[in-house]
Amino acid sequence: MNGATQPMTPPAFALRPASETDFDFARCLYLGSMQPLLTALDAWDADEIETAFRGYFIPAEIQVVTLGGKDVGWVQVSKTPDVLSLDQVHLIDEIRGRGIGTALIKRIIADARNQGRNVTLSLVRGNPALTLYRRLGFRRTSEDDTKIHMRYDTDA
């Protein structure tokens with residue numbers, strides 16, 4: 001070995017369309033991810049977050065990530081004529097850091113490029129995924145008290 005780190009090959013995962021029956025799984029992952037981040041910002045309100053999630057959960061925009069037949073995460077992408085919006089990406093703790101998130105986001109970027117769209121996302125301040133998004137080429141476009149808003153231009 002020459003000491004250079006080799007790119008990580010993620011485990012073979014699959015995506016399946018979500019349905020209403022995935023609500024509890026998606027909710028648990030969402031709340032588990034968001035609570036520590038929003039608590040650190042003194043912005044956690046359980047009732048408000050629960051209500052917001054119920055509005056966010058749109059099965060037609062969601063795909064469930066599976067690994068070896070087991071549900072291990074979910075991704076939500078909404079569309080406008082010019083943009084694919086990466087609204088949610090949540091993976092169970094046991095599979096984080098294995099390249100699946102990177103592979104998912106690269107797929108979304110490729111889909112956006114093929115469709116002539118750019119990609120946008122917003123993430124809660126303190127989310128360690130910020131490093132991943134920067135590494136993949138997203139740039140900060142704005143921010144507010146709790147979120148950082150980013151964009152990937154596919155025509156750049």
# chains A, B, ... in the order shown; residues from 1 in each chain; ligands from 1
>>> select_by_dssp(residues="region 1-148 of chain A", states="strand (DSSP E)", output="VMD selection string")
chain A and resid 13 to 17 62 to 67 70 to 79 83 to 91 118 to 124 139 to 143 147 to 148
>>> select_by_dssp(residues="chain A", states="helix (DSSP H, G or I)", output="MDAnalysis selection string")
chainID A and resid 20:40 46:56 59:61 93:95 100:115 129:135
>>> closest_atom_pairs(of="region 90-130 of chain A", to="region 16-36 of chain A", cutoff="10 Å", atoms="only C-alpha atoms", output="Markdown table")
| residue | atom | partner | partner_atom | distance |
| --- | --- | --- | --- | --- |
| A:His90 | CA | A:Leu29 | CA | 6.3 |
| A:Leu91 | CA | A:Leu29 | CA | 7.2 |
| A:Ile92 | CA | A:Leu29 | CA | 6.9 |
| A:Asp93 | CA | A:Leu29 | CA | 9.4 |
| A:Leu123 | CA | A:Met34 | CA | 10.0 |
| A:Val124 | CA | A:Met34 | CA | 8.0 |
| A:Gly126 | CA | A:Pro36 | CA | 9.4 |
| A:Asn127 | CA | A:Met34 | CA | 9.0 |
>>> closest_residue(among="A:Thr146, A:Phe13, A:Glu94, A:Asn114", to="Trp44 (chain A)", atoms="only C-alpha atoms")
A:Thr146
>>> closest_residue(among="A:Val89, A:Leu84, A:Val72, A:Ile58", to="Ala129 (chain A)", atoms="only C-alpha atoms")
A:Val89
>>> residues_around(residues="region 65-70 of chain A", least_positions_apart="4", cutoff="6 Å", atoms="only C-alpha atoms", output="ChimeraX atom specification")
/A:13-15,74
>>> write_last_selection(atoms="N, CA, C and O atoms", output="tab-separated table (two decimals), in the first residue's frame")
chain	number	residue	atom	x	y	z
A	13	PHE	N	-26.82	-2.08	-1.75
A	13	PHE	CA	-28.13	-1.73	-1.18
A	13	PHE	C	-29.12	-1.57	-2.31
A	13	PHE	O	-28.75	-1.49	-3.48
A	14	ALA	N	-30.38	-1.55	-1.95
A	14	ALA	CA	-31.45	-1.36	-2.94
A	14	ALA	C	-32.39	-0.28	-2.44
A	14	ALA	O	-32.37	0.09	-1.25
A	15	LEU	N	-33.20	0.22	-3.35
A	15	LEU	CA	-34.23	1.19	-3.01
A	15	LEU	C	-35.58	0.61	-3.42
A	15	LEU	O	-35.69	-0.03	-4.45
A	74	TRP	N	-34.04	5.79	4.63
A	74	TRP	CA	-34.97	6.31	3.64
A	74	TRP	C	-34.47	7.64	3.11
A	74	TRP	O	-33.70	8.34	3.76
>>> residues_around(residues="Thr120 (chain A)", least_positions_apart="5", cutoff="12 Å", atoms="only C-alpha atoms", output="CSV table (one decimal) with N, CA, C and O atoms, in the first residue's frame")
chain,number,residue,atom,x,y,z
A,77,VAL,N,-37.0,12.8,-2.1
A,77,VAL,CA,-36.7,13.8,-3.1
A,77,VAL,C,-38.0,14.4,-3.7
A,77,VAL,O,-38.8,13.6,-4.1
A,78,SER,N,-38.1,15.7,-3.7
A,78,SER,CA,-39.2,16.4,-4.3
A,78,SER,C,-38.6,17.1,-5.6
A,78,SER,O,-37.4,17.3,-5.7
A,79,LYS,N,-39.5,17.4,-6.5
A,79,LYS,CA,-39.1,18.0,-7.8
A,79,LYS,C,-39.9,19.3,-8.1
A,79,LYS,O,-41.1,19.4,-7.8
A,80,THR,N,-39.1,20.2,-8.7
A,80,THR,CA,-39.7,21.4,-9.4
A,80,THR,C,-39.2,21.3,-10.8
A,80,THR,O,-38.3,20.5,-11.1
A,82,ASP,N,-37.0,23.0,-12.3
A,82,ASP,CA,-35.5,23.2,-12.3
A,82,ASP,C,-34.7,22.5,-11.3
A,82,ASP,O,-33.5,22.5,-11.4
A,83,VAL,N,-35.3,21.9,-10.3
A,83,VAL,CA,-34.6,21.4,-9.1
A,83,VAL,C,-35.1,20.1,-8.6
A,83,VAL,O,-36.3,19.9,-8.6
A,84,LEU,N,-34.1,19.2,-8.2
A,84,LEU,CA,-34.4,18.1,-7.4
A,84,LEU,C,-34.1,18.5,-6.0
A,84,LEU,O,-32.9,19.0,-5.7
A,85,SER,N,-35.0,18.5,-5.0
A,85,SER,CA,-34.7,18.8,-3.7
A,85,SER,C,-34.5,17.6,-2.8
A,85,SER,O,-35.4,16.8,-2.7
A,86,LEU,N,-33.3,17.5,-2.3
A,86,LEU,CA,-33.0,16.3,-1.4
A,86,LEU,C,-33.6,16.7,0.0
A,86,LEU,O,-33.0,17.5,0.7
A,87,ASP,N,-34.8,16.3,0.3
A,87,ASP,CA,-35.5,16.7,1.4
A,87,ASP,C,-35.1,16.0,2.7
A,87,ASP,O,-35.1,16.6,3.8
A,88,GLN,N,-34.8,14.7,2.6
A,88,GLN,CA,-34.5,13.9,3.7
A,88,GLN,C,-33.6,12.8,3.3
A,88,GLN,O,-33.8,12.2,2.2
A,105,ILE,N,-26.5,10.0,-2.6
A,105,ILE,CA,-26.4,11.4,-3.1
A,105,ILE,C,-25.9,11.5,-4.5
A,105,ILE,O,-26.3,12.3,-5.3
A,108,ILE,N,-28.6,10.8,-6.9
A,108,ILE,CA,-29.5,11.9,-7.0
A,108,ILE,C,-28.9,13.0,-7.9
A,108,ILE,O,-29.6,13.6,-8.7
A,109,ILE,N,-27.6,13.3,-7.7
A,109,ILE,CA,-26.9,14.2,-8.6
A,109,ILE,C,-27.0,13.8,-10.0
A,109,ILE,O,-27.2,14.6,-10.9
A,112,ALA,N,-30.4,14.2,-11.4
A,112,ALA,CA,-30.7,15.6,-11.6
A,112,ALA,C,-30.0,16.1,-12.9
A,112,ALA,O,-30.6,16.8,-13.8
A,133,TYR,N,-21.6,16.7,2.1
A,133,TYR,CA,-22.2,17.6,1.1
A,133,TYR,C,-21.1,18.5,0.5
A,133,TYR,O,-21.1,18.6,-0.7
A,137,GLY,N,-19.5,18.6,-3.5
A,137,GLY,CA,-19.6,19.7,-4.4
A,137,GLY,C,-20.8,20.7,-4.1
A,137,GLY,O,-21.0,21.6,-4.9
A,138,PHE,N,-21.5,20.4,-3.1
A,138,PHE,CA,-22.6,21.4,-2.7
A,138,PHE,C,-22.0,22.6,-2.2
A,138,PHE,O,-20.9,22.6,-1.5
A,139,ARG,N,-22.6,23.8,-2.4
A,139,ARG,CA,-22.2,25.0,-1.9
A,139,ARG,C,-23.3,25.7,-1.1
A,139,ARG,O,-24.5,25.5,-1.4
A,140,ARG,N,-22.9,26.4,0.0
A,140,ARG,CA,-23.8,27.0,0.8
A,140,ARG,C,-24.5,28.2,0.1
A,140,ARG,O,-23.7,29.0,-0.5
A,141,THR,N,-25.8,28.3,0.1
A,141,THR,CA,-26.4,29.4,-0.5
A,141,THR,C,-27.0,30.4,0.4
A,141,THR,O,-27.1,31.6,0.2
A,142,SER,N,-27.4,29.9,1.6
A,142,SER,CA,-28.0,30.8,2.7
A,142,SER,C,-28.1,30.0,3.9
A,142,SER,O,-27.8,28.8,4.0
A,148,ILE,N,-28.8,25.2,7.3
A,148,ILE,CA,-27.9,25.7,6.3
A,148,ILE,C,-28.5,25.2,5.0
A,148,ILE,O,-28.9,24.0,4.8
A,149,HIS,N,-28.6,26.1,4.0
A,149,HIS,CA,-29.2,25.7,2.7
A,149,HIS,C,-28.1,25.6,1.7
A,149,HIS,O,-27.2,26.5,1.6
A,150,MET,N,-28.2,24.6,0.8
A,150,MET,CA,-27.1,24.3,-0.1
A,150,MET,C,-27.6,24.0,-1.5
A,150,MET,O,-28.8,23.6,-1.6
A,151,ARG,N,-26.7,24.0,-2.4
A,151,ARG,CA,-27.1,23.8,-3.8
A,151,ARG,C,-25.9,23.1,-4.6
A,151,ARG,O,-24.7,23.5,-4.3
A,152,TYR,N,-26.3,22.2,-5.5
A,152,TYR,CA,-25.3,21.6,-6.4
A,152,TYR,C,-25.8,21.9,-7.8
A,152,TYR,O,-26.9,21.6,-8.2
A,153,ASP,N,-24.9,22.7,-8.5
A,153,ASP,CA,-25.2,23.0,-9.9
A,153,ASP,C,-24.7,21.9,-10.8
A,153,ASP,O,-23.5,21.7,-10.9
A,154,THR,N,-25.6,21.2,-11.5
A,154,THR,CA,-25.2,20.1,-12.4
A,154,THR,C,-24.6,20.6,-13.7
A,154,THR,O,-23.9,19.9,-14.3
>>> atom_distance(atom1="CA of Lys106 (chain A)", atom2="CA of Gln63 (chain A)")
15.1 Å
